[in-house]
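Engineer: Sharing a structure below in structure tokens format, with a few things to ask.
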Amino acid sequence: MDPDWKRFLLDAGAEFDGPGVVSFGNPDLESRVATTGDVFCDLSHQGLIVACGADAAAFLHAQLSNDVAGLGPEASRLAAYCDPKGRMLAVLRVFRRGEEFYLRLPRTLVEPTVERLDKFILRSRVTLTDAGETLAGIGVSGPRASEHIAAALGEAPVAVDTVLQRGAVTLIRVPGLHPRFEAYGPTGEMRRFWDALNVHAAPVGTPAWTLLEVLAGLPTVYPETAGRFVPQMANLQLVGGVSFRKGCYPGQEVVARMQYLGTLKRRMVLAHARTDTPPRPGDPLHAPETGRGQDVGAVVDAAPAPDGGYLLLAVVRIASAASGTVRLWDENGPILSLRPLPYPFPDDEKSRTRA
């Protein structure tokens with residue numbers, strides 16, 4: 001994180017824990033406001049990788065699960081970076097600033113992702129760099145978020161996954177309970193943007209923003225879950241993160257076989273757990289039909305719920321989810337109460353048709 005940006009946030013009342021802002025003084029209130037009102041959030045818990053060079057588009061296209069070669073500056077896309085077995089090592093949001101391609105992912109995965117991608121550059125004319133010190137990020141959400149952004153920058157993207165460049169600031173519309181956006185730019189511009197938002201909206205910490213990600217049904221891969229899920233287990237194909245028409249990438253054969261020939265036995269669900277203990281990515285799920293020590297899934301992401309307990313995304317065995325008795329952690333853990341996701345599950349026949 002840019003030290004000047006961190007000092008600015010501290011002066012604004014931010015309370016830090018690690019790379020992200022925990023809150024601005026009242027995390028419980030922030031979670032409640034995030035689901036109903038207009039809020040904005042520092043995105044320092046997210047990292048950025050920038051890919052530069054004449055072969056950047058072709059290189060990323062050959063490594064990721066989505067079409068990067070055809071990505072213009074007016075759009076962004078989710079994509080997975082998989083191992084040869086089709087298991088996701090990272091879920092990224094890809095967007096452009098000029099001729100450069102940016103990959104947004106958890107800050108804790110920036111270094112290992114750059115190190116792994118670097119091994120496959122070979123003679124490609126591309127360089128990969130951690131851009132976390134170069135650009136600051138702000139998330140904005142709420143019923144009037146578009147209006148507030150337009151007042152500050154002149155215009156806001158209208159459709160989900162579209163991008164607008166307003167001066168030095170890149171604006172991305174992302175899925176959400178309300179209109180929701182990510183903005184990236186140099187520290188000076190982002191300080192002015194923050195001050196403009198602060199007139200109309202409330203600053204919130206990382207947990208409140210994570211809650212909005214969970215409610216949107218958007219999967220995140222963390223170091224604890226890297227290499228555990230194929231994209232379909234985390235519903236990535238349902239949120240536009242997989243192209244089944246593009247060429248090869250690591251794990252592509254496994255992902256395609258699951259789509260056309262396989263039977264998906266696990267998928268991601270949204271659930272609520274009555275507990276005061278925070279669920280962590282990778283925490284196991286238990287069902288009575290399994291033996292002791294055998295899990296039926298794992299937590300993908302979680303955040304404090306406005307009405308108490310935690311809302312979480314979890315990959316769970318479909319048959320166990322249907323039984324209604326999936327528990328968090330072990331046979332004595334809290335029962336998960338399933339909530340509807342903001343997108344439908346296709347039936348088995350449709351899930352194997354060409355996307």
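All residue names refer to the structure tokens as shown: chains lettered A, B, ... in order, residues numbered from 1 in each chain, ligands numbered from 1 in order.
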Show me, as JSON lines, the residues of stretch 19-125 of chain A having an atom within 7 Å of stretch 227-238 of chain A, each with the closest atom pair and its distance in Å, using only C-alpha atoms.

Structural biologist:
{"residue": "A:Gly86", "atom": "CA", "partner": "A:Val230", "partner_atom": "CA", "distance": 5.5}
{"residue": "A:Arg87", "atom": "CA", "partner": "A:Val230", "partner_atom": "CA", "distance": 4.4}
{"residue": "A:Met88", "atom": "CA", "partner": "A:Gly227", "partner_atom": "CA", "distance": 5.2}
{"residue": "A:Leu89", "atom": "CA", "partner": "A:Gly227", "partner_atom": "CA", "distance": 5.2}

Engineer: Please produce a file of those selected residues containing C-alpha atoms, as an mmCIF file, in the first residue's frame.

Structural biologist:
data_model
loop_
_atom_site.group_PDB
_atom_site.id
_atom_site.type_symbol
_atom_site.label_atom_id
_atom_site.label_comp_id
_atom_site.auth_asym_id
_atom_site.auth_seq_id
_atom_site.Cartn_x
_atom_site.Cartn_y
_atom_site.Cartn_z
ATOM 1 C CA GLY A 86 -8.471 -27.603 -13.317
ATOM 2 C CA ARG A 87 -8.368 -26.485 -9.684
ATOM 3 C CA MET A 88 -8.477 -22.731 -9.175
ATOM 4 C CA LEU A 89 -5.358 -21.050 -7.838
#

Engineer: Just give me the gap between atom CA of A:Pro203 and atom CA of A:Thr134 in Å, one decimal is fine.

Structural biologist: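 Spanning atom CA of A:Pro203 to atom CA of A:Thr134 is a straight-line distance of 22.2 Å.
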
Engineer: Can you check which residues of stretch 48-280 of chain A DSSP gives as helix (DSSP H, G or I) on the backbone and send them as a PyMOL selection string?

Structural biologist: chain A and resi 56-63+107-118+145-153+187-197+206-215+231-234+236-239+252-260

Engineer: Name all residues at most 8 Å from stretch 39-51 of chain A (count only C-alpha atoms; drop same-chain ones fewer than 4 positions away) and give them as a ChimeraX atom specification.

Structural biologist: /A:1,19-21,33-34,56,100-110,114,126-132,136-142,145,197,201-206,209

Engineer: Which residues come within 12 Å of A:Leu218, counting only C-alpha atoms, excluding same-chain residues fewer than 4 positions away, as number ranges by chain?

Structural biologist: A: 78-79, 91-93, 174-177, 209-214, 231, 234-241, 268-270, 300-302, 312-314, 341-343

Engineer: Taking into account only C-alpha atoms, which residue in the set A:Gly247, A:Pro284, A:Gly13, A:Pro223 is nearest to A:Ala62?

Structural biologist: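 Smallest distance to A:Ala62 is found for A:Gly247.
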
Engineer: Using only C-alpha atoms, find the one residue out of A:Glu147, A:Asp55, A:Glu15, A:Asp2 that sits nearest to A:Asp38.

Structural biologist: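 So, comparing all the options, the nearest one is A:Glu147.
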
Engineer: With distances taken over only C-alpha atoms, which residue among A:Arg257, A:Trp5, A:Pro344, A:Leu285 lies nearest A:Asn332?

Structural biologist: A:Leu285

Engineer: As number ranges by chain, which residues of stretch 105-294 of chain A does DSSP assign to strand (DSSP E)?

Structural biologist: A: 105-106, 127-130, 136-141, 163-166, 169-174, 180-185, 202-204, 266-273, 284-286

Engineer: Selected residues, N, CA and C atoms, written as a compact mmCIF listing (two decimals), in the first residue's frame, please.

Structural biologist:
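Contents of selection-v6.txt, freshly written:
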# COMPACT_ATOMS: atom_id res chain seq x y z
N LEU A 105 -7.12 -9.33 -7.49
CA LEU A 105 -7.23 -10.56 -6.71
C LEU A 105 -6.84 -10.24 -5.27
N PRO A 106 -7.06 -11.15 -4.31
CA PRO A 106 -6.65 -10.86 -2.94
C PRO A 106 -5.16 -10.54 -2.85
N THR A 127 5.66 -8.36 -19.18
CA THR A 127 6.18 -8.28 -17.82
C THR A 127 5.01 -8.19 -16.85
N LEU A 128 5.16 -8.83 -15.71
CA LEU A 128 4.13 -8.84 -14.67
C LEU A 128 4.68 -8.16 -13.42
N THR A 129 3.91 -7.21 -12.87
CA THR A 129 4.38 -6.40 -11.75
C THR A 129 3.26 -6.20 -10.74
N ASP A 130 3.63 -6.19 -9.47
CA ASP A 130 2.69 -5.84 -8.41
C ASP A 130 2.40 -4.34 -8.52
N ALA A 136 -4.46 3.18 -6.05
CA ALA A 136 -5.34 2.95 -4.90
C ALA A 136 -6.71 2.53 -5.41
N GLY A 137 -7.45 1.80 -4.58
CA GLY A 137 -8.77 1.32 -4.98
C GLY A 137 -9.84 1.73 -3.99
N ILE A 138 -11.02 2.06 -4.51
CA ILE A 138 -12.18 2.39 -3.69
C ILE A 138 -13.38 1.63 -4.23
N GLY A 139 -14.13 0.98 -3.35
CA GLY A 139 -15.40 0.36 -3.72
C GLY A 139 -16.55 1.26 -3.32
N VAL A 140 -17.58 1.29 -4.14
CA VAL A 140 -18.76 2.13 -3.88
C VAL A 140 -20.00 1.27 -4.11
N SER A 141 -20.98 1.37 -3.20
CA SER A 141 -22.21 0.59 -3.33
C SER A 141 -23.37 1.35 -2.72
N VAL A 163 -16.80 -0.77 -18.14
CA VAL A 163 -15.72 0.05 -17.60
C VAL A 163 -15.78 1.44 -18.22
N LEU A 164 -15.55 2.44 -17.41
CA LEU A 164 -15.39 3.81 -17.88
C LEU A 164 -14.07 4.36 -17.38
N GLN A 165 -13.37 5.09 -18.22
CA GLN A 165 -12.16 5.79 -17.81
C GLN A 165 -12.50 7.27 -17.67
N ARG A 166 -12.43 7.79 -16.46
CA ARG A 166 -12.71 9.20 -16.18
C ARG A 166 -11.43 9.86 -15.72
N VAL A 169 -8.90 7.88 -13.47
CA VAL A 169 -9.63 6.91 -12.64
C VAL A 169 -10.37 5.91 -13.53
N THR A 170 -10.18 4.63 -13.25
CA THR A 170 -10.89 3.56 -13.94
C THR A 170 -12.06 3.11 -13.08
N LEU A 171 -13.27 3.16 -13.65
CA LEU A 171 -14.50 2.77 -12.95
C LEU A 171 -15.03 1.47 -13.53
N ILE A 172 -15.34 0.50 -12.67
CA ILE A 172 -15.84 -0.80 -13.10
C ILE A 172 -17.16 -1.07 -12.39
N ARG A 173 -18.21 -1.39 -13.13
CA ARG A 173 -19.48 -1.81 -12.53
C ARG A 173 -19.38 -3.31 -12.24
N VAL A 174 -19.66 -3.70 -11.01
CA VAL A 174 -19.59 -5.11 -10.61
C VAL A 174 -20.94 -5.54 -10.07
N ARG A 180 -23.08 -1.28 -7.76
CA ARG A 180 -21.81 -1.45 -7.04
C ARG A 180 -20.66 -1.27 -8.01
N PHE A 181 -19.57 -0.66 -7.53
CA PHE A 181 -18.49 -0.26 -8.41
C PHE A 181 -17.14 -0.45 -7.71
N GLU A 182 -16.12 -0.67 -8.54
CA GLU A 182 -14.74 -0.58 -8.08
C GLU A 182 -14.07 0.53 -8.88
N ALA A 183 -13.24 1.33 -8.22
CA ALA A 183 -12.53 2.43 -8.87
C ALA A 183 -11.05 2.34 -8.53
N TYR A 184 -10.20 2.57 -9.53
CA TYR A 184 -8.76 2.51 -9.33
C TYR A 184 -8.10 3.71 -9.99
N GLY A 185 -7.13 4.28 -9.29
CA GLY A 185 -6.42 5.43 -9.84
C GLY A 185 -5.27 5.84 -8.95
N ALA A 202 -21.29 6.63 3.49
CA ALA A 202 -20.58 6.29 4.73
C ALA A 202 -19.39 5.38 4.42
N PRO A 203 -18.22 5.67 4.98
CA PRO A 203 -17.08 4.76 4.80
C PRO A 203 -17.27 3.49 5.62
N VAL A 204 -16.89 2.36 5.05
CA VAL A 204 -17.00 1.07 5.74
C VAL A 204 -15.70 0.30 5.57
N ARG A 266 -20.61 -31.11 -6.35
CA ARG A 266 -20.52 -30.05 -5.35
C ARG A 266 -20.72 -28.71 -6.04
N ARG A 267 -21.36 -27.79 -5.35
CA ARG A 267 -21.53 -26.44 -5.89
C ARG A 267 -21.57 -25.45 -4.73
N MET A 268 -21.42 -24.19 -5.08
CA MET A 268 -21.37 -23.15 -4.05
C MET A 268 -22.77 -22.68 -3.68
N VAL A 269 -23.00 -22.52 -2.38
CA VAL A 269 -24.28 -22.05 -1.87
C VAL A 269 -24.04 -20.83 -0.98
N LEU A 270 -25.11 -20.08 -0.77
CA LEU A 270 -25.12 -18.98 0.20
C LEU A 270 -25.85 -19.46 1.44
N ALA A 271 -25.27 -19.24 2.60
CA ALA A 271 -25.87 -19.76 3.83
C ALA A 271 -25.60 -18.81 4.99
N HIS A 272 -26.39 -19.01 6.05
CA HIS A 272 -26.22 -18.25 7.29
C HIS A 272 -25.91 -19.22 8.41
N ALA A 273 -24.97 -18.84 9.28
CA ALA A 273 -24.62 -19.66 10.44
C ALA A 273 -24.76 -18.83 11.71
N PRO A 284 -14.08 -26.70 7.28
CA PRO A 284 -14.86 -27.83 6.76
C PRO A 284 -16.34 -27.75 7.12
N LEU A 285 -17.14 -28.47 6.32
CA LEU A 285 -18.57 -28.65 6.57
C LEU A 285 -18.83 -30.12 6.84
N HIS A 286 -19.82 -30.38 7.68
CA HIS A 286 -20.13 -31.76 8.08
C HIS A 286 -21.61 -32.05 7.87

Engineer: Looking at A:Arg97, A:Ala322, A:Arg339, A:Ala14, which one is nearest to A:Asn26, with distances taken over only C-alpha atoms?

Structural biologist: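 Nearest to A:Asn26: A:Ala14.
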
Engineer: Give the answer as one residue: which of A:Pro3, A:Gly154, A:Pro112, A:Gly297 has the shortest atom-to-atom distance to A:Trp329, using only C-alpha atoms?

Structural biologist: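 Closest to A:Trp329 of all the choices is A:Gly297.
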
Engineer: Which is closest to A:Ala80 among A:Leu122, A:Leu9, A:Ala54, A:Leu64, if we use only C-alpha atoms?

Structural biologist: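 Between A:Leu122, A:Leu9, A:Ala54, A:Leu64, the residue approaching A:Ala80 most closely is A:Leu64.
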
Engineer: What does the structure give for the distance between atom CA of A:Asp195 and atom CA of A:Phe95, in Å to one decimal?

Structural biologist: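 These atoms are spaced 25.1 Å apart.
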